[in-house]
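The data block below is entry_0.cif; it holds mmCIF, C-alpha atoms.
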```cif
data_target
#
loop_
_atom_site.label_atom_id
_atom_site.label_comp_id
_atom_site.auth_asym_id
_atom_site.auth_seq_id
_atom_site.Cartn_x
_atom_site.Cartn_y
_atom_site.Cartn_z
CA LYS V 3 14.26 -4.86 -15.25
CA ALA V 4 15.16 -8.52 -15.49
CA GLY V 5 11.47 -9.43 -15.60
CA GLU V 6 10.81 -7.15 -18.55
CA MET V 7 13.82 -8.51 -20.45
CA ALA V 8 12.84 -12.10 -19.73
CA GLU V 9 9.26 -11.52 -20.88
CA TRP V 10 10.47 -9.65 -23.98
CA THR V 11 12.61 -12.68 -24.85
CA LEU V 12 9.60 -14.94 -24.36
CA LEU V 13 7.52 -12.81 -26.73
CA ARG V 14 10.34 -12.85 -29.29
CA MET V 15 10.39 -16.64 -29.13
CA LEU V 16 6.65 -16.77 -29.83
CA GLN V 17 6.95 -14.27 -32.70
CA HIS V 18 9.63 -16.42 -34.33
CA GLY V 19 7.66 -19.62 -33.96
CA VAL V 20 9.84 -21.04 -31.19
CA GLU V 21 7.60 -22.86 -28.72
CA PRO V 22 8.56 -22.12 -25.09
CA ASN V 23 8.22 -24.92 -22.55
CA LEU V 24 7.47 -24.98 -18.82
CA VAL V 25 11.10 -24.24 -17.94
CA THR V 26 11.00 -21.12 -20.11
CA TYR V 27 7.86 -19.81 -18.46
CA CYS V 28 9.18 -20.63 -14.97
CA THR V 29 12.36 -18.72 -15.77
CA VAL V 30 10.32 -15.65 -16.73
CA MET V 31 8.20 -15.94 -13.58
CA ASP V 32 11.34 -16.24 -11.46
CA ALA V 33 12.78 -13.14 -13.11
CA TRP V 34 9.67 -11.18 -12.13
CA ALA V 35 9.87 -12.65 -8.62
CA LYS V 36 13.43 -11.41 -8.23
CA CYS V 37 12.29 -7.97 -9.36
CA GLY V 38 9.75 -7.94 -6.53
CA VAL V 39 6.73 -8.14 -8.84
CA PRO V 40 4.86 -11.29 -7.78
CA GLU V 41 1.64 -10.13 -9.46
CA ARG V 42 3.24 -10.40 -12.90
CA ALA V 43 4.64 -13.84 -12.09
CA GLN V 44 1.15 -14.96 -11.10
CA ASP V 45 -0.40 -13.40 -14.23
CA ILE V 46 1.92 -15.53 -16.36
CA LEU V 47 0.96 -18.63 -14.38
CA HIS V 48 -2.73 -17.91 -14.93
CA GLY V 49 -2.09 -17.38 -18.63
CA MET V 50 -0.53 -20.83 -18.82
CA GLU V 51 -3.56 -22.34 -17.10
CA GLU V 52 -5.97 -20.61 -19.45
CA SER V 53 -4.01 -21.26 -22.65
CA GLY V 54 -5.72 -24.59 -23.28
CA LEU V 55 -2.38 -26.03 -24.43
CA SER V 56 -1.55 -29.36 -22.85
CA HIS V 57 2.20 -28.75 -22.88
CA LEU V 58 1.72 -25.52 -20.91
CA ILE V 59 -0.30 -27.00 -18.06
CA PRO V 60 1.67 -25.77 -15.02
CA ASP V 61 3.27 -28.20 -12.61
CA ALA V 62 4.24 -27.93 -8.94
CA PHE V 63 7.50 -26.20 -9.81
CA CYS V 64 5.61 -23.39 -11.56
CA TYR V 65 3.38 -22.86 -8.55
CA CYS V 66 6.35 -23.06 -6.22
CA THR V 67 8.04 -20.29 -8.20
CA VAL V 68 5.05 -17.99 -7.74
CA MET V 69 4.63 -19.00 -4.09
CA ASP V 70 8.25 -18.07 -3.44
CA ALA V 71 7.68 -14.80 -5.29
CA TRP V 72 4.99 -13.84 -2.77
CA ALA V 73 7.10 -15.07 0.15
CA ARG V 74 10.04 -12.91 -0.90
CA SER V 75 7.99 -9.83 -1.75
CA ASN V 76 7.34 -8.51 1.78
CA ARG V 77 4.04 -7.09 0.49
CA PRO V 78 1.42 -6.47 3.22
CA ASP V 79 -0.99 -8.88 1.52
CA ALA V 80 1.66 -11.44 0.51
CA ALA V 81 0.64 -14.10 3.02
CA HIS V 82 -3.04 -13.93 2.07
CA ARG V 83 -2.17 -13.98 -1.64
CA ALA V 84 -0.02 -17.06 -0.98
CA ASP V 85 -2.93 -18.73 0.84
CA ALA V 86 -5.20 -18.00 -2.13
CA LEU V 87 -2.58 -19.41 -4.50
CA LEU V 88 -2.50 -22.70 -2.60
CA GLN V 89 -6.29 -22.98 -2.83
CA ARG V 90 -6.15 -22.17 -6.53
CA MET V 91 -3.57 -24.90 -7.06
CA LYS V 92 -5.78 -27.44 -5.29
CA THR V 93 -8.74 -26.45 -7.46
CA ALA V 94 -6.64 -26.39 -10.65
CA HIS V 95 -5.32 -29.88 -9.95
CA ALA V 96 -8.85 -31.17 -9.39
CA GLU V 97 -9.98 -29.56 -12.67
CA GLY V 98 -6.98 -30.80 -14.65
CA THR V 99 -5.38 -27.38 -15.21
CA CYS V 100 -2.40 -28.17 -12.95
CA ARG V 101 -0.35 -31.33 -13.31
CA ASP V 102 0.36 -31.78 -9.60
CA ALA V 103 -1.29 -31.52 -6.24
CA PRO V 104 0.50 -29.19 -3.79
CA THR V 105 3.93 -30.51 -2.83
CA ALA V 106 6.12 -30.00 0.23
CA PRO V 107 8.07 -27.13 -1.42
CA VAL V 108 4.79 -25.36 -2.22
CA TYR V 109 3.64 -25.64 1.39
CA THR V 110 7.08 -24.55 2.59
CA GLY V 111 6.84 -21.46 0.40
CA LEU V 112 3.46 -20.75 1.98
CA VAL V 113 4.97 -21.00 5.47
CA SER V 114 7.71 -18.58 4.43
CA ALA V 115 5.06 -16.13 3.27
CA TRP V 116 3.60 -16.22 6.79
CA LYS V 117 6.92 -15.32 8.44
CA GLY V 118 6.20 -13.50 11.67
CA ASN V 119 2.89 -15.32 12.22
CA ALA V 120 3.56 -18.34 14.41
CA THR V 121 -0.10 -19.37 14.62
CA ARG V 122 -0.63 -19.64 10.86
CA ALA V 123 2.78 -21.27 10.29
CA LEU V 124 1.96 -23.96 12.86
CA GLU V 125 -1.49 -24.47 11.30
CA ILE V 126 0.12 -25.17 7.92
CA LEU V 127 2.63 -27.54 9.52
CA GLU V 128 -0.11 -29.46 11.29
CA GLU V 129 -2.11 -29.70 8.06
CA MET V 130 0.92 -31.26 6.38
CA GLU V 131 1.54 -33.64 9.29
CA ARG V 132 -2.04 -34.90 8.92
CA HIS V 133 -1.74 -35.22 5.14
CA LYS V 134 -1.67 -38.76 3.75
CA VAL V 135 0.71 -37.94 0.88
CA VAL V 136 2.56 -34.65 1.42
CA HIS V 137 4.71 -34.51 4.53
CA PRO V 138 6.87 -31.68 5.89
CA ASN V 139 10.61 -31.88 5.35
CA GLY V 140 13.52 -30.17 7.05
CA TYR V 141 12.98 -27.00 5.05
CA THR V 142 9.35 -26.86 6.15
CA TYR V 143 10.15 -27.28 9.83
CA SER V 144 12.94 -24.71 9.58
CA ALA V 145 10.59 -22.23 7.91
CA VAL V 146 8.06 -22.72 10.72
CA ILE V 147 10.74 -22.11 13.35
CA ASP V 148 11.82 -18.98 11.49
CA ALA V 149 8.21 -17.76 11.41
CA ILE V 150 7.96 -18.30 15.17
CA ALA V 151 11.24 -16.49 15.81
CA LYS V 152 10.02 -13.49 13.81
CA ASP V 153 6.64 -13.26 15.58
CA ASP V 154 6.88 -10.33 17.99
CA THR V 155 3.36 -10.86 19.33
CA ILE V 156 3.95 -14.06 21.31
CA GLU V 157 5.66 -14.46 24.66
CA ASP V 158 6.66 -18.11 24.29
CA ALA V 159 8.51 -17.97 20.95
CA GLY V 160 11.52 -19.74 22.44
CA GLU V 161 9.43 -22.57 23.81
CA GLN V 162 7.45 -22.96 20.58
CA ALA V 163 10.55 -22.90 18.38
CA GLU V 164 12.32 -25.46 20.54
CA ALA V 165 9.24 -27.68 20.56
CA VAL V 166 9.28 -27.79 16.75
CA LEU V 167 13.00 -28.58 16.86
CA GLN V 168 12.28 -31.49 19.17
CA ARG V 169 9.65 -32.78 16.74
CA MET V 170 12.29 -32.75 14.01
CA LEU V 171 14.80 -34.58 16.18
CA MET V 172 12.23 -37.20 17.17
CA LEU V 173 11.27 -37.86 13.54
CA HIS V 174 14.91 -38.00 12.49
CA LYS V 175 15.62 -40.50 15.27
CA LYS V 176 12.74 -42.64 13.99
CA GLY V 177 14.38 -42.75 10.57
CA VAL V 178 12.07 -40.33 8.77
CA PRO V 179 14.10 -38.99 5.80
CA ASN V 180 14.93 -35.36 5.09
CA VAL V 181 13.90 -33.92 8.46
CA ALA V 182 17.27 -33.52 10.17
CA PRO V 183 17.78 -29.96 11.49
CA THR V 184 20.58 -27.90 9.99
CA ILE V 185 22.65 -25.08 11.40
CA VAL V 186 20.03 -22.70 9.99
CA THR V 187 17.35 -24.48 12.04
CA TYR V 188 19.35 -24.27 15.25
CA THR V 189 20.20 -20.62 14.60
CA SER V 190 16.51 -19.75 14.29
CA VAL V 191 15.74 -21.49 17.59
CA VAL V 192 18.54 -19.56 19.31
CA ASP V 193 17.19 -16.36 17.73
CA ALA V 194 13.73 -17.11 19.13
CA TRP V 195 15.19 -17.47 22.62
CA ALA V 196 17.33 -14.36 22.20
CA LYS V 197 14.24 -12.29 21.40
CA SER V 198 12.13 -13.80 24.18
CA GLY V 199 13.20 -11.31 26.84
CA LYS V 200 13.52 -14.09 29.42
CA GLY V 201 17.00 -13.21 30.59
CA ASP V 202 19.10 -15.95 32.16
CA TYR V 203 16.55 -18.65 31.41
CA ALA V 204 16.62 -17.78 27.68
CA TYR V 205 20.42 -17.78 27.76
CA LYS V 206 20.48 -21.25 29.35
CA ARG V 207 18.00 -22.63 26.82
CA ALA V 208 19.87 -21.10 23.88
CA LYS V 209 23.13 -22.53 25.22
CA ALA V 210 21.52 -25.96 25.55
CA VAL V 211 20.31 -25.75 21.94
CA VAL V 212 23.81 -24.95 20.72
CA GLN V 213 25.25 -27.82 22.76
CA GLY V 214 22.67 -30.14 21.28
CA MET V 215 23.75 -29.09 17.80
CA GLU V 216 27.36 -29.89 18.63
CA GLN V 217 26.60 -33.42 19.80
#
```

Would you kindly transcribe this structure into structure tokens?
Amino acid sequence: KAGEMAEWTLLRMLQHGVEPNLVTYCTVMDAWAKCGVPERAQDILHGMEESGLSHLIPDAFCYCTVMDAWARSNRPDAAHRADALLQRMKTAHAEGTCRDAPTAPVYTGLVSAWKGNATRALEILEEMERHKVVHPNGYTYSAVIDAIAKDDTIEDAGEQAEAVLQRMLMLHKKGVPNVAPTIVTYTSVVDAWAKSGKGDYAYKRAKAVVQGMEQ
């Protein structure tokens, strides 16, 4: 496995007195993430926190790597593990064992972990919108729309997805940076309408979304 090879290389570096840096550790965590083993990626993160070495204090990129590992894992408990990771990051930052407070990419990774749960995705988005420092970007909004589109338990997925799209368009019109919808965003909204089961009305709304993208 790539994760095993990456970690073996890390251990070889330590044995030969070569000091790995944050990039090295993040590369190993990412290798485990791509192998579908988020637990090992998180174990390495925790080891960095507990090392007591100032140059190994994790930053937001390290946490984002592990958050994405959970989001990509499709494990039944992935979303809850991602939630716990966010809380751990907040605590670690307050205690000085993480360099950064949670960033937009970290929150976006959390939203992605909750794919298929519109309620939780919207809760995270609203928390970010209320935040004084960290604000959602286009990736965040698109991840929320994707979560809505993949939620088979709600009857108004099309309406909810389009409402988030309209929030993006409004912010973009006001000059807020990095919130413009992309083709991926529009595709997710169309997907939400396509799955809504609302026949001709869904078709008309999806067509209107596509026309809006073309303008």

### Message
Just the number, please: distance in Å from CA of Thr142 in chain V to CA of Pro107 in chain V, one decimal.
### Response
7.7 Å

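Across the model, the gap from CA of Arg132 in chain V to CA of Pro179 in chain V is 16.9 Å.
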
### Task
Just say which residues the PyMOL selection byres ((chain V and resi 164) around 9) picks in this file, as number ranges by chain.
V: 147, 159-163, 165-169, 188, 191-192, 194-195, 207, 211

### Message
For this structure, which residues satisfy the selection - the PyMOL selection byres ((chain V and resi 74) around 9) - when it is evaluated on the file as given? I want them as a PyMOL selection string.
### Response
chain V and resi 35-36+38+40+69-73+75-77+80+114-115

Just to be explicit: take each residue in the selection above, keep C-alpha atoms, and write the result as a short mmCIF file (atom, residue, chain, number, x, y, z; two decimals), keeping the file's coordinate frame.
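Final output, selection_1.cif:
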```cif
data_model
loop_
_atom_site.label_atom_id
_atom_site.label_comp_id
_atom_site.auth_asym_id
_atom_site.auth_seq_id
_atom_site.Cartn_x
_atom_site.Cartn_y
_atom_site.Cartn_z
CA ALA V 35 9.87 -12.65 -8.62
CA LYS V 36 13.43 -11.41 -8.23
CA GLY V 38 9.75 -7.94 -6.53
CA PRO V 40 4.86 -11.29 -7.78
CA MET V 69 4.63 -19.00 -4.09
CA ASP V 70 8.25 -18.07 -3.44
CA ALA V 71 7.68 -14.80 -5.29
CA TRP V 72 4.99 -13.84 -2.77
CA ALA V 73 7.10 -15.07 0.15
CA SER V 75 7.99 -9.83 -1.75
CA ASN V 76 7.34 -8.51 1.78
CA ARG V 77 4.04 -7.09 0.49
CA ALA V 80 1.66 -11.44 0.51
CA SER V 114 7.71 -18.58 4.43
CA ALA V 115 5.06 -16.13 3.27
#
```

How big is the axis-aligned box, and where does its centre sit, when it encloses all atoms of range 107-115 of chain V listed in the file and has 6 Å added on every side, reported in Å to one decimal as JSON?
```
{"center_x": 5.8, "center_y": -21.6, "center_z": 1.6, "size_x": 16.6, "size_y": 23.0, "size_z": 19.7}
```

For the point (5.8, -14.2, 7.9) in the file's frame, write as a compact mmCIF listing (two decimals) with C-alpha atoms, keeping the file's coordinate frame all residues with an atom no more than 9 Å away, counting only C-alpha atoms.
```txt
# COMPACT_ATOMS: atom_id res chain seq x y z
CA ALA V 73 7.10 -15.07 0.15
CA ASN V 76 7.34 -8.51 1.78
CA ALA V 80 1.66 -11.44 0.51
CA ALA V 81 0.64 -14.10 3.02
CA VAL V 113 4.97 -21.00 5.47
CA SER V 114 7.71 -18.58 4.43
CA ALA V 115 5.06 -16.13 3.27
CA TRP V 116 3.60 -16.22 6.79
CA LYS V 117 6.92 -15.32 8.44
CA GLY V 118 6.20 -13.50 11.67
CA ASN V 119 2.89 -15.32 12.22
CA ALA V 120 3.56 -18.34 14.41
CA ARG V 122 -0.63 -19.64 10.86
CA ALA V 123 2.78 -21.27 10.29
CA ASP V 148 11.82 -18.98 11.49
CA ALA V 149 8.21 -17.76 11.41
CA ILE V 150 7.96 -18.30 15.17
CA LYS V 152 10.02 -13.49 13.81
CA ASP V 153 6.64 -13.26 15.58
```

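Nearest to Thr26 in chain V of all the residues V:Glu157, V:Glu9, V:Asp85, V:Glu41 is V:Glu9, counting all atoms listed in the file.
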
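Of the listed residues V:Tyr109, V:Trp10, V:Tyr205, V:Phe63, the one whose atoms come nearest to Val25 in chain V is V:Phe63, with distances taken using all atoms listed in the file.
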
### Query
Do you know which residues lie at most 8 Å from (16.5, -35.7, 11.6), with coordinates as in the file and only C-alpha atoms counted, and could you write them as a VMD selection string?
chain V and resid 140 170 to 175 177 to 183

Convert the current residue selection to file output with C-alpha atoms, as a PDB file, keeping the file's coordinate frame.
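File produced: result.pdb:
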```
ATOM      1  CA  GLY V 140      13.520 -30.170   7.050  1.00  0.00           C
ATOM      2  CA  MET V 170      12.290 -32.750  14.010  1.00  0.00           C
ATOM      3  CA  LEU V 171      14.800 -34.580  16.180  1.00  0.00           C
ATOM      4  CA  MET V 172      12.230 -37.200  17.170  1.00  0.00           C
ATOM      5  CA  LEU V 173      11.270 -37.860  13.540  1.00  0.00           C
ATOM      6  CA  HIS V 174      14.910 -38.000  12.490  1.00  0.00           C
ATOM      7  CA  LYS V 175      15.620 -40.500  15.270  1.00  0.00           C
ATOM      8  CA  GLY V 177      14.380 -42.750  10.570  1.00  0.00           C
ATOM      9  CA  VAL V 178      12.070 -40.330   8.770  1.00  0.00           C
ATOM     10  CA  PRO V 179      14.100 -38.990   5.800  1.00  0.00           C
ATOM     11  CA  ASN V 180      14.930 -35.360   5.090  1.00  0.00           C
ATOM     12  CA  VAL V 181      13.900 -33.920   8.460  1.00  0.00           C
ATOM     13  CA  ALA V 182      17.270 -33.520  10.170  1.00  0.00           C
ATOM     14  CA  PRO V 183      17.780 -29.960  11.490  1.00  0.00           C
TER      15      PRO V 183
END
```

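Remark: for Ile156 in chain V, the closest of the candidate residues V:Lys197, V:His48, V:Lys134, V:Arg42 is V:Lys197 (distances computed over all atoms listed in the file).
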
### Task
Evaluate the PyMOL selection byres ((chain V and resi 29) around 10) here and jot the selected residues down as a list in words.
Gly5, Ala8, Glu9, Leu12, Leu24, Val25, Thr26, Tyr27, Cys28, Val30, Met31, Asp32, Ala33, Trp34, Ala35, Ala43, Cys64 and Thr67 of chain V

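Using only C-alpha atoms for every distance, the candidate list V:Thr155, V:Gln213, V:Gln44, V:Thr121 yields V:Thr155 as the residue closest to Ser198 in chain V.
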
### Query
So how far away is CA of Ile126 in chain V from CA of Pro138 in chain V, in Å?
9.6 Å
